[in-house]
>>> print(open('protein.cif').read())   # mmCIF, N, CA and C atoms
data_structure
loop_
_atom_site.label_atom_id
_atom_site.label_comp_id
_atom_site.auth_asym_id
_atom_site.auth_seq_id
_atom_site.Cartn_x
_atom_site.Cartn_y
_atom_site.Cartn_z
N MET A 30 86.50 157.19 128.27
CA MET A 30 86.00 156.64 127.02
C MET A 30 84.75 157.39 126.61
N SER A 31 84.60 157.62 125.34
CA SER A 31 83.45 158.33 124.81
C SER A 31 82.27 157.39 124.63
N ALA A 32 81.09 157.89 124.96
CA ALA A 32 79.89 157.06 124.87
C ALA A 32 79.09 157.32 123.60
N ASN A 33 79.37 158.46 122.92
CA ASN A 33 78.61 158.79 121.72
C ASN A 33 79.40 159.76 120.84
N PHE A 34 78.84 160.06 119.68
CA PHE A 34 79.51 160.91 118.71
C PHE A 34 79.83 162.28 119.28
N THR A 35 78.90 162.88 120.00
CA THR A 35 79.12 164.21 120.57
C THR A 35 80.33 164.21 121.50
N GLU A 36 80.45 163.18 122.32
CA GLU A 36 81.59 163.09 123.23
C GLU A 36 82.90 162.86 122.47
N VAL A 37 82.85 162.08 121.41
CA VAL A 37 84.05 161.87 120.60
C VAL A 37 84.52 163.21 120.03
N VAL A 38 83.58 164.00 119.51
CA VAL A 38 83.92 165.31 118.94
C VAL A 38 84.47 166.22 120.03
N GLN A 39 83.80 166.27 121.17
CA GLN A 39 84.27 167.13 122.26
C GLN A 39 85.67 166.74 122.72
N ASN A 40 85.94 165.46 122.83
CA ASN A 40 87.27 165.01 123.22
C ASN A 40 88.31 165.35 122.15
N ALA A 41 87.93 165.25 120.89
CA ALA A 41 88.85 165.57 119.79
C ALA A 41 89.19 167.06 119.78
N GLN A 42 88.24 167.92 120.15
CA GLN A 42 88.44 169.37 120.11
C GLN A 42 89.47 169.86 121.10
N GLU A 43 89.71 169.12 122.16
CA GLU A 43 90.65 169.56 123.19
C GLU A 43 92.04 169.77 122.59
N GLY A 44 92.54 170.98 122.74
CA GLY A 44 93.87 171.30 122.25
C GLY A 44 93.96 171.65 120.78
N LEU A 45 92.84 171.68 120.07
CA LEU A 45 92.86 172.04 118.65
C LEU A 45 92.66 173.54 118.47
N GLU A 46 93.31 174.09 117.48
CA GLU A 46 93.07 175.48 117.11
C GLU A 46 91.92 175.50 116.10
N VAL A 47 90.90 176.29 116.40
CA VAL A 47 89.71 176.38 115.57
C VAL A 47 89.67 177.75 114.92
N LEU A 48 89.41 177.78 113.60
CA LEU A 48 89.36 179.03 112.85
C LEU A 48 87.95 179.32 112.37
N LYS A 49 87.54 180.55 112.49
CA LYS A 49 86.29 180.99 111.85
C LYS A 49 86.57 181.07 110.35
N ALA A 50 85.50 181.12 109.56
CA ALA A 50 85.65 181.08 108.10
C ALA A 50 86.56 182.20 107.58
N ASN A 51 86.38 183.41 108.08
CA ASN A 51 87.21 184.52 107.59
C ASN A 51 88.67 184.35 108.00
N GLU A 52 88.93 183.72 109.16
CA GLU A 52 90.30 183.45 109.59
C GLU A 52 90.94 182.37 108.71
N ALA A 53 90.15 181.38 108.33
CA ALA A 53 90.65 180.34 107.43
C ALA A 53 90.97 180.93 106.06
N GLN A 54 90.10 181.80 105.57
CA GLN A 54 90.34 182.47 104.30
C GLN A 54 91.64 183.28 104.37
N ALA A 55 91.84 184.00 105.47
CA ALA A 55 93.06 184.79 105.64
C ALA A 55 94.30 183.89 105.68
N ALA A 56 94.19 182.73 106.33
CA ALA A 56 95.31 181.79 106.39
C ALA A 56 95.65 181.27 105.00
N LEU A 57 94.64 180.99 104.19
CA LEU A 57 94.86 180.54 102.82
C LEU A 57 95.54 181.63 101.99
N ASN A 58 95.10 182.85 102.17
CA ASN A 58 95.69 183.97 101.42
C ASN A 58 97.13 184.24 101.86
N ALA A 59 97.41 184.07 103.15
CA ALA A 59 98.74 184.35 103.69
C ALA A 59 99.76 183.29 103.29
N ASP A 60 99.33 182.05 103.14
CA ASP A 60 100.25 180.96 102.82
C ASP A 60 99.59 180.03 101.80
N PRO A 61 99.96 180.19 100.52
CA PRO A 61 99.34 179.37 99.48
C PRO A 61 99.62 177.87 99.62
N ASN A 62 100.55 177.48 100.49
CA ASN A 62 100.82 176.07 100.73
C ASN A 62 99.80 175.46 101.70
N THR A 63 98.97 176.29 102.31
CA THR A 63 97.96 175.79 103.24
C THR A 63 96.97 174.91 102.49
N MET A 64 96.68 173.76 103.05
CA MET A 64 95.75 172.83 102.44
C MET A 64 94.44 172.81 103.21
N ILE A 65 93.34 172.94 102.48
CA ILE A 65 92.03 172.66 103.05
C ILE A 65 91.77 171.18 102.80
N LEU A 66 91.57 170.43 103.87
CA LEU A 66 91.35 168.99 103.77
C LEU A 66 89.90 168.70 104.15
N ASP A 67 89.10 168.34 103.16
CA ASP A 67 87.69 168.01 103.37
C ASP A 67 87.60 166.50 103.58
N VAL A 68 87.08 166.10 104.74
CA VAL A 68 87.08 164.68 105.10
C VAL A 68 85.73 164.00 104.90
N ARG A 69 84.87 164.64 104.11
CA ARG A 69 83.56 164.02 103.84
C ARG A 69 83.70 162.93 102.79
N ASP A 70 82.75 162.01 102.81
CA ASP A 70 82.66 161.03 101.74
C ASP A 70 82.31 161.76 100.45
N GLU A 71 82.77 161.23 99.34
CA GLU A 71 82.58 161.89 98.05
C GLU A 71 81.12 162.24 97.78
N GLY A 72 80.20 161.37 98.15
CA GLY A 72 78.78 161.61 97.91
C GLY A 72 78.20 162.76 98.71
N ASP A 73 78.90 163.22 99.73
CA ASP A 73 78.40 164.31 100.57
C ASP A 73 78.99 165.67 100.21
N LEU A 74 79.91 165.72 99.28
CA LEU A 74 80.60 166.97 98.97
C LEU A 74 79.66 168.06 98.48
N ASN A 75 78.62 167.71 97.75
CA ASN A 75 77.73 168.74 97.22
C ASN A 75 76.64 169.17 98.19
N LEU A 76 76.66 168.65 99.43
CA LEU A 76 75.70 169.14 100.42
C LEU A 76 75.86 170.64 100.61
N THR A 77 77.10 171.10 100.61
CA THR A 77 77.37 172.53 100.74
C THR A 77 78.28 173.04 99.64
N GLY A 78 78.80 172.16 98.81
CA GLY A 78 79.83 172.54 97.85
C GLY A 78 81.19 172.41 98.51
N ILE A 79 82.24 172.65 97.73
CA ILE A 79 83.59 172.53 98.25
C ILE A 79 84.33 173.86 98.13
N ILE A 80 85.24 174.08 99.03
CA ILE A 80 86.08 175.28 99.01
C ILE A 80 87.07 175.10 97.86
N PRO A 81 87.24 176.12 97.01
CA PRO A 81 88.18 175.98 95.89
C PRO A 81 89.57 175.54 96.35
N GLY A 82 90.12 174.57 95.64
CA GLY A 82 91.45 174.06 95.94
C GLY A 82 91.49 172.98 97.00
N THR A 83 90.33 172.57 97.49
CA THR A 83 90.24 171.56 98.55
C THR A 83 90.80 170.22 98.10
N VAL A 84 91.45 169.54 99.04
CA VAL A 84 91.84 168.14 98.86
C VAL A 84 90.81 167.31 99.63
N ASN A 85 90.26 166.29 98.99
CA ASN A 85 89.27 165.44 99.64
C ASN A 85 89.89 164.09 99.97
N VAL A 86 89.91 163.77 101.26
CA VAL A 86 90.29 162.45 101.75
C VAL A 86 89.24 162.10 102.79
N SER A 87 88.40 161.13 102.49
CA SER A 87 87.31 160.80 103.42
C SER A 87 87.87 160.36 104.76
N MET A 88 87.11 160.61 105.81
CA MET A 88 87.54 160.25 107.16
C MET A 88 87.85 158.76 107.25
N GLY A 89 87.07 157.96 106.57
CA GLY A 89 87.29 156.52 106.62
C GLY A 89 88.62 156.07 106.05
N THR A 90 89.16 156.84 105.11
CA THR A 90 90.45 156.47 104.52
C THR A 90 91.61 157.30 105.07
N LEU A 91 91.29 158.37 105.81
CA LEU A 91 92.35 159.23 106.35
C LEU A 91 93.29 158.44 107.25
N TYR A 92 92.76 157.49 108.00
CA TYR A 92 93.56 156.72 108.95
C TYR A 92 94.77 156.07 108.29
N PHE A 93 94.62 155.58 107.07
CA PHE A 93 95.78 154.97 106.42
C PHE A 93 96.42 155.88 105.39
N LYS A 94 95.66 156.80 104.79
CA LYS A 94 96.26 157.69 103.79
C LYS A 94 97.21 158.71 104.41
N ALA A 95 97.05 158.99 105.70
CA ALA A 95 97.94 159.93 106.39
C ALA A 95 99.05 159.22 107.16
N ASP A 96 99.03 157.90 107.17
CA ASP A 96 99.99 157.12 107.93
C ASP A 96 101.25 156.90 107.09
N HIS A 97 102.34 157.53 107.49
CA HIS A 97 103.58 157.43 106.73
C HIS A 97 104.26 156.07 106.87
N ASN A 98 103.71 155.19 107.70
CA ASN A 98 104.24 153.83 107.81
C ASN A 98 103.55 152.85 106.86
N MET A 99 102.50 153.32 106.20
CA MET A 99 101.82 152.47 105.23
C MET A 99 102.62 152.44 103.93
N PRO A 100 102.45 151.39 103.13
CA PRO A 100 103.09 151.38 101.80
C PRO A 100 102.67 152.62 101.01
N ALA A 101 103.57 153.14 100.21
CA ALA A 101 103.34 154.39 99.48
C ALA A 101 102.05 154.38 98.68
N GLU A 102 101.68 153.24 98.12
CA GLU A 102 100.48 153.20 97.28
C GLU A 102 99.20 153.40 98.09
N PHE A 103 99.27 153.29 99.41
CA PHE A 103 98.10 153.50 100.26
C PHE A 103 98.04 154.92 100.84
N GLN A 104 99.13 155.66 100.71
CA GLN A 104 99.19 157.01 101.25
C GLN A 104 98.68 158.03 100.24
N ASP A 105 98.24 159.18 100.74
CA ASP A 105 97.87 160.30 99.86
C ASP A 105 99.07 161.24 99.81
N PRO A 106 99.61 161.51 98.62
CA PRO A 106 100.79 162.37 98.52
C PRO A 106 100.56 163.78 99.07
N ASN A 107 99.31 164.23 99.11
CA ASN A 107 99.02 165.55 99.68
C ASN A 107 99.30 165.60 101.18
N LEU A 108 99.42 164.43 101.80
CA LEU A 108 99.66 164.35 103.24
C LEU A 108 101.09 163.92 103.55
N GLY A 109 101.98 164.11 102.60
CA GLY A 109 103.36 163.67 102.75
C GLY A 109 104.21 164.55 103.64
N ASP A 110 103.82 165.82 103.83
CA ASP A 110 104.61 166.77 104.61
C ASP A 110 103.90 167.08 105.92
N LYS A 111 104.44 166.58 107.01
CA LYS A 111 103.80 166.77 108.32
C LYS A 111 103.93 168.21 108.84
N ASP A 112 104.70 169.04 108.16
CA ASP A 112 104.82 170.44 108.55
C ASP A 112 103.88 171.35 107.76
N ARG A 113 103.28 170.82 106.70
CA ARG A 113 102.40 171.64 105.86
C ARG A 113 101.18 172.11 106.65
N PRO A 114 100.82 173.38 106.54
CA PRO A 114 99.61 173.86 107.22
C PRO A 114 98.37 173.19 106.63
N ILE A 115 97.52 172.64 107.51
CA ILE A 115 96.31 171.96 107.10
C ILE A 115 95.14 172.51 107.90
N ILE A 116 94.04 172.79 107.21
CA ILE A 116 92.79 173.18 107.85
C ILE A 116 91.77 172.11 107.46
N THR A 117 91.27 171.38 108.45
CA THR A 117 90.29 170.33 108.17
C THR A 117 88.88 170.91 108.14
N THR A 118 88.05 170.31 107.29
CA THR A 118 86.66 170.73 107.19
C THR A 118 85.79 169.52 106.83
N CYS A 119 84.49 169.72 107.03
CA CYS A 119 83.46 168.77 106.63
C CYS A 119 82.19 169.61 106.47
N THR A 120 81.03 169.03 106.57
CA THR A 120 79.81 169.83 106.39
C THR A 120 79.63 170.83 107.53
N LEU A 121 79.70 170.36 108.79
CA LEU A 121 79.44 171.22 109.95
C LEU A 121 80.64 171.37 110.88
N GLY A 122 81.75 170.72 110.58
CA GLY A 122 82.96 170.87 111.37
C GLY A 122 83.20 169.82 112.43
N MET A 123 82.24 168.96 112.66
CA MET A 123 82.40 167.98 113.75
C MET A 123 83.36 166.85 113.37
N VAL A 124 83.17 166.24 112.22
CA VAL A 124 84.07 165.18 111.79
C VAL A 124 85.46 165.76 111.51
N ALA A 125 85.49 167.02 111.10
CA ALA A 125 86.78 167.69 110.87
C ALA A 125 87.61 167.76 112.15
N CYS A 126 86.95 167.87 113.30
CA CYS A 126 87.67 167.86 114.59
C CYS A 126 88.33 166.51 114.82
N ILE A 127 87.61 165.45 114.52
CA ILE A 127 88.16 164.11 114.69
C ILE A 127 89.34 163.91 113.73
N ALA A 128 89.20 164.41 112.51
CA ALA A 128 90.28 164.31 111.52
C ALA A 128 91.51 165.09 111.98
N ALA A 129 91.30 166.29 112.49
CA ALA A 129 92.43 167.11 112.95
C ALA A 129 93.16 166.42 114.11
N LYS A 130 92.40 165.86 115.03
CA LYS A 130 93.03 165.15 116.15
C LYS A 130 93.81 163.95 115.64
N THR A 131 93.24 163.22 114.69
CA THR A 131 93.94 162.08 114.11
C THR A 131 95.27 162.52 113.51
N LEU A 132 95.24 163.61 112.73
CA LEU A 132 96.47 164.10 112.11
C LEU A 132 97.49 164.51 113.17
N LYS A 133 97.03 165.20 114.20
CA LYS A 133 97.95 165.60 115.27
C LYS A 133 98.53 164.36 115.97
N ASP A 134 97.69 163.36 116.19
CA ASP A 134 98.17 162.12 116.79
C ASP A 134 99.21 161.44 115.91
N TYR A 135 99.12 161.64 114.60
CA TYR A 135 100.07 161.05 113.65
C TYR A 135 101.33 161.91 113.50
N GLY A 136 101.40 163.03 114.22
CA GLY A 136 102.60 163.85 114.19
C GLY A 136 102.55 165.05 113.26
N PHE A 137 101.38 165.33 112.68
CA PHE A 137 101.26 166.54 111.87
C PHE A 137 101.29 167.73 112.81
N LYS A 138 102.06 168.76 112.46
CA LYS A 138 102.38 169.83 113.40
C LYS A 138 101.54 171.08 113.26
N ASN A 139 100.92 171.32 112.12
CA ASN A 139 100.25 172.59 111.87
C ASN A 139 98.82 172.32 111.37
N VAL A 140 97.99 171.81 112.26
CA VAL A 140 96.63 171.41 111.89
C VAL A 140 95.63 172.28 112.64
N LYS A 141 94.67 172.80 111.90
CA LYS A 141 93.60 173.60 112.47
C LYS A 141 92.27 173.08 111.92
N VAL A 142 91.17 173.55 112.51
CA VAL A 142 89.84 173.10 112.11
C VAL A 142 89.02 174.32 111.68
N LEU A 143 88.26 174.18 110.60
CA LEU A 143 87.32 175.21 110.18
C LEU A 143 86.06 175.08 111.02
N GLU A 144 85.85 176.02 111.92
CA GLU A 144 84.68 176.01 112.80
C GLU A 144 83.40 176.10 111.97
N GLY A 145 82.50 175.16 112.18
CA GLY A 145 81.24 175.17 111.45
C GLY A 145 81.35 174.60 110.05
N GLY A 146 82.55 174.17 109.66
CA GLY A 146 82.76 173.51 108.38
C GLY A 146 82.36 174.35 107.18
N ASN A 147 82.05 173.65 106.09
CA ASN A 147 81.70 174.33 104.86
C ASN A 147 80.39 175.11 104.97
N GLN A 148 79.53 174.70 105.89
CA GLN A 148 78.29 175.46 106.09
C GLN A 148 78.61 176.86 106.58
N ALA A 149 79.55 177.00 107.51
CA ALA A 149 79.96 178.31 108.01
C ALA A 149 80.65 179.12 106.92
N TRP A 150 81.45 178.44 106.10
CA TRP A 150 82.12 179.09 104.97
C TRP A 150 81.07 179.69 104.03
N LYS A 151 80.06 178.89 103.74
CA LYS A 151 78.97 179.32 102.86
C LYS A 151 78.22 180.51 103.47
N GLU A 152 77.90 180.42 104.77
CA GLU A 152 77.16 181.49 105.44
C GLU A 152 77.98 182.78 105.51
N ALA A 153 79.31 182.66 105.47
CA ALA A 153 80.18 183.84 105.46
C ALA A 153 80.26 184.47 104.07
N GLY A 154 79.61 183.84 103.09
CA GLY A 154 79.60 184.38 101.73
C GLY A 154 80.90 184.12 100.96
N LEU A 155 81.68 183.15 101.43
CA LEU A 155 82.94 182.84 100.76
C LEU A 155 82.67 181.84 99.62
N PRO A 156 83.56 181.82 98.62
CA PRO A 156 83.28 181.03 97.41
C PRO A 156 83.30 179.52 97.64
N LEU A 157 82.38 178.87 96.97
CA LEU A 157 82.31 177.40 96.96
C LEU A 157 82.13 176.94 95.52
N GLU A 158 82.58 175.73 95.26
CA GLU A 158 82.41 175.11 93.94
C GLU A 158 81.59 173.85 94.09
N GLU A 159 81.03 173.38 92.98
CA GLU A 159 80.38 172.08 92.97
C GLU A 159 81.44 171.02 92.84
N ALA A 160 81.21 169.89 93.47
CA ALA A 160 82.18 168.78 93.41
C ALA A 160 82.18 168.14 92.03
#
>>> encode(input="protein.cif", output="structure tokens")
Amino acid sequence: MSANFTEVVQNAQEGLEVLKANEAQAALNADPNTMILDVRDEGDLNLTGIIPGTVNVSMGTLYFKADHNMPAEFQDPNLGDKDRPIITTCTLGMVACIAAKTLKDYGFKNVKVLEGGNQAWKEAGLPLEEA
């Protein structure tokens, strides 16, 4: 059992594929069906800006919006295909690890994490938009 946030993140990271910003950019270019899933709350999106084309589903709602057993009106249609490539992100990448593990636990097959989140994307000089 995890005793704190750091341990929760470390436990979530086990078995996840982590991409550096340039690797995530290459994955997006290679497969336009790849989704960047930003799991921050709406009010936090402008801390670093958002990656163009990002889908935002806050971590607090991901639990039911990604659950295919929930009534359709509670699901996010962007999460309807469990085979779709997904790269999770947040400000620094930690909550994105928890989100990626959640998706994998729900049966999503092609989930990766943006290492360092949008902050790393920004530091790599890659494009960001305002929310």
>>> select_by_dssp(input="protein.cif", residues="chain A", states="alpha helix (DSSP H)", output="ChimeraX atom specification")
/A:34-42,50-59,88-94,123-134,146-152
>>> residues_around(input="protein.cif", residues="A:Phe103", least_positions_apart="6", cutoff="10 Å", atoms="only C-alpha atoms", output="VMD selection string")
chain A and resid 90 93 to 97
>>> residues_around(input="protein.cif", residues="A:Thr63", least_positions_apart="5", cutoff="10 Å", atoms="only C-alpha atoms", output="PDB file with N, CA and C atoms, in the coordinates of the input")
ATOM      1  N   ALA A  53      90.150 181.380 108.330  1.00  0.00           N
ATOM      2  CA  ALA A  53      90.650 180.340 107.430  1.00  0.00           C
ATOM      3  C   ALA A  53      90.970 180.930 106.060  1.00  0.00           C
ATOM      4  N   ALA A  56      94.190 182.730 106.330  1.00  0.00           N
ATOM      5  CA  ALA A  56      95.310 181.790 106.390  1.00  0.00           C
ATOM      6  C   ALA A  56      95.650 181.270 105.000  1.00  0.00           C
ATOM      7  N   LEU A  57      94.640 180.990 104.190  1.00  0.00           N
ATOM      8  CA  LEU A  57      94.860 180.540 102.820  1.00  0.00           C
ATOM      9  C   LEU A  57      95.540 181.630 101.990  1.00  0.00           C
ATOM     10  N   ASN A  58      95.100 182.850 102.170  1.00  0.00           N
ATOM     11  CA  ASN A  58      95.690 183.970 101.420  1.00  0.00           C
ATOM     12  C   ASN A  58      97.130 184.240 101.860  1.00  0.00           C
ATOM     13  N   GLY A  82      90.120 174.570  95.640  1.00  0.00           N
ATOM     14  CA  GLY A  82      91.450 174.060  95.940  1.00  0.00           C
ATOM     15  C   GLY A  82      91.490 172.980  97.000  1.00  0.00           C
ATOM     16  N   THR A  83      90.330 172.570  97.490  1.00  0.00           N
ATOM     17  CA  THR A  83      90.240 171.560  98.550  1.00  0.00           C
ATOM     18  C   THR A  83      90.800 170.220  98.100  1.00  0.00           C
ATOM     19  N   ARG A 113     103.280 170.820 106.700  1.00  0.00           N
ATOM     20  CA  ARG A 113     102.400 171.640 105.860  1.00  0.00           C
ATOM     21  C   ARG A 113     101.180 172.110 106.650  1.00  0.00           C
ATOM     22  N   PRO A 114     100.820 173.380 106.540  1.00  0.00           N
ATOM     23  CA  PRO A 114      99.610 173.860 107.220  1.00  0.00           C
ATOM     24  C   PRO A 114      98.370 173.190 106.630  1.00  0.00           C
ATOM     25  N   ILE A 115      97.520 172.640 107.510  1.00  0.00           N
ATOM     26  CA  ILE A 115      96.310 171.960 107.100  1.00  0.00           C
ATOM     27  C   ILE A 115      95.140 172.510 107.900  1.00  0.00           C
ATOM     28  N   ILE A 116      94.040 172.790 107.210  1.00  0.00           N
ATOM     29  CA  ILE A 116      92.790 173.180 107.850  1.00  0.00           C
ATOM     30  C   ILE A 116      91.770 172.110 107.460  1.00  0.00           C
ATOM     31  N   ASN A 139     100.920 171.320 112.120  1.00  0.00           N
ATOM     32  CA  ASN A 139     100.250 172.590 111.870  1.00  0.00           C
ATOM     33  C   ASN A 139      98.820 172.320 111.370  1.00  0.00           C
ATOM     34  N   VAL A 140      97.990 171.810 112.260  1.00  0.00           N
ATOM     35  CA  VAL A 140      96.630 171.410 111.890  1.00  0.00           C
ATOM     36  C   VAL A 140      95.630 172.280 112.640  1.00  0.00           C
TER      37      VAL A 140
END
>>> residues_around(input="protein.cif", residues="stretch 69-74 of chain A", least_positions_apart="2", cutoff="5 Å", atoms="all atoms listed in the file", output="list of chain:residue names")
A:Asp67, A:Leu76, A:Thr77, A:Gly78, A:Ser87, A:Met88
>>> select_by_dssp(input="protein.cif", residues="chain A", states="strand (DSSP E or B)", output="JSON list (two decimals) with N, CA and C atoms, keeping the file's coordinate frame")
[["chain", "number", "residue", "atom", "x", "y", "z"],
["A", 46, "GLU", "N", 93.31, 174.09, 117.48],
["A", 46, "GLU", "CA", 93.07, 175.48, 117.11],
["A", 46, "GLU", "C", 91.92, 175.50, 116.10],
["A", 47, "VAL", "N", 90.90, 176.29, 116.40],
["A", 47, "VAL", "CA", 89.71, 176.38, 115.57],
["A", 47, "VAL", "C", 89.67, 177.75, 114.92],
["A", 48, "LEU", "N", 89.41, 177.78, 113.60],
["A", 48, "LEU", "CA", 89.36, 179.03, 112.85],
["A", 48, "LEU", "C", 87.95, 179.32, 112.37],
["A", 64, "MET", "N", 96.68, 173.76, 103.05],
["A", 64, "MET", "CA", 95.75, 172.83, 102.44],
["A", 64, "MET", "C", 94.44, 172.81, 103.21],
["A", 65, "ILE", "N", 93.34, 172.94, 102.48],
["A", 65, "ILE", "CA", 92.03, 172.66, 103.05],
["A", 65, "ILE", "C", 91.77, 171.18, 102.80],
["A", 66, "LEU", "N", 91.57, 170.43, 103.87],
["A", 66, "LEU", "CA", 91.35, 168.99, 103.77],
["A", 66, "LEU", "C", 89.90, 168.70, 104.15],
["A", 67, "ASP", "N", 89.10, 168.34, 103.16],
["A", 67, "ASP", "CA", 87.69, 168.01, 103.37],
["A", 67, "ASP", "C", 87.60, 166.50, 103.58],
["A", 79, "ILE", "N", 82.24, 172.65, 97.73],
["A", 79, "ILE", "CA", 83.59, 172.53, 98.25],
["A", 79, "ILE", "C", 84.33, 173.86, 98.13],
["A", 84, "VAL", "N", 91.45, 169.54, 99.04],
["A", 84, "VAL", "CA", 91.84, 168.14, 98.86],
["A", 84, "VAL", "C", 90.81, 167.31, 99.63],
["A", 85, "ASN", "N", 90.26, 166.29, 98.99],
["A", 85, "ASN", "CA", 89.27, 165.44, 99.64],
["A", 85, "ASN", "C", 89.89, 164.09, 99.97],
["A", 115, "ILE", "N", 97.52, 172.64, 107.51],
["A", 115, "ILE", "CA", 96.31, 171.96, 107.10],
["A", 115, "ILE", "C", 95.14, 172.51, 107.90],
["A", 116, "ILE", "N", 94.04, 172.79, 107.21],
["A", 116, "ILE", "CA", 92.79, 173.18, 107.85],
["A", 116, "ILE", "C", 91.77, 172.11, 107.46],
["A", 117, "THR", "N", 91.27, 171.38, 108.45],
["A", 117, "THR", "CA", 90.29, 170.33, 108.17],
["A", 117, "THR", "C", 88.88, 170.91, 108.14],
["A", 118, "THR", "N", 88.05, 170.31, 107.29],
["A", 118, "THR", "CA", 86.66, 170.73, 107.19],
["A", 118, "THR", "C", 85.79, 169.52, 106.83],
["A", 140, "VAL", "N", 97.99, 171.81, 112.26],
["A", 140, "VAL", "CA", 96.63, 171.41, 111.89],
["A", 140, "VAL", "C", 95.63, 172.28, 112.64],
["A", 141, "LYS", "N", 94.67, 172.80, 111.90],
["A", 141, "LYS", "CA", 93.60, 173.60, 112.47],
["A", 141, "LYS", "C", 92.27, 173.08, 111.92],
["A", 142, "VAL", "N", 91.17, 173.55, 112.51],
["A", 142, "VAL", "CA", 89.84, 173.10, 112.11],
["A", 142, "VAL", "C", 89.02, 174.32, 111.68],
["A", 143, "LEU", "N", 88.26, 174.18, 110.60],
["A", 143, "LEU", "CA", 87.32, 175.21, 110.18],
["A", 143, "LEU", "C", 86.06, 175.08, 111.02],
["A", 158, "GLU", "N", 82.58, 175.73, 95.26],
["A", 158, "GLU", "CA", 82.41, 175.11, 93.94],
["A", 158, "GLU", "C", 81.59, 173.85, 94.09]]
>>> atom_distance(input="protein.cif", atom1="atom CA of A:Lys111", atom2="atom CA of A:Lys138")
6.1 Å
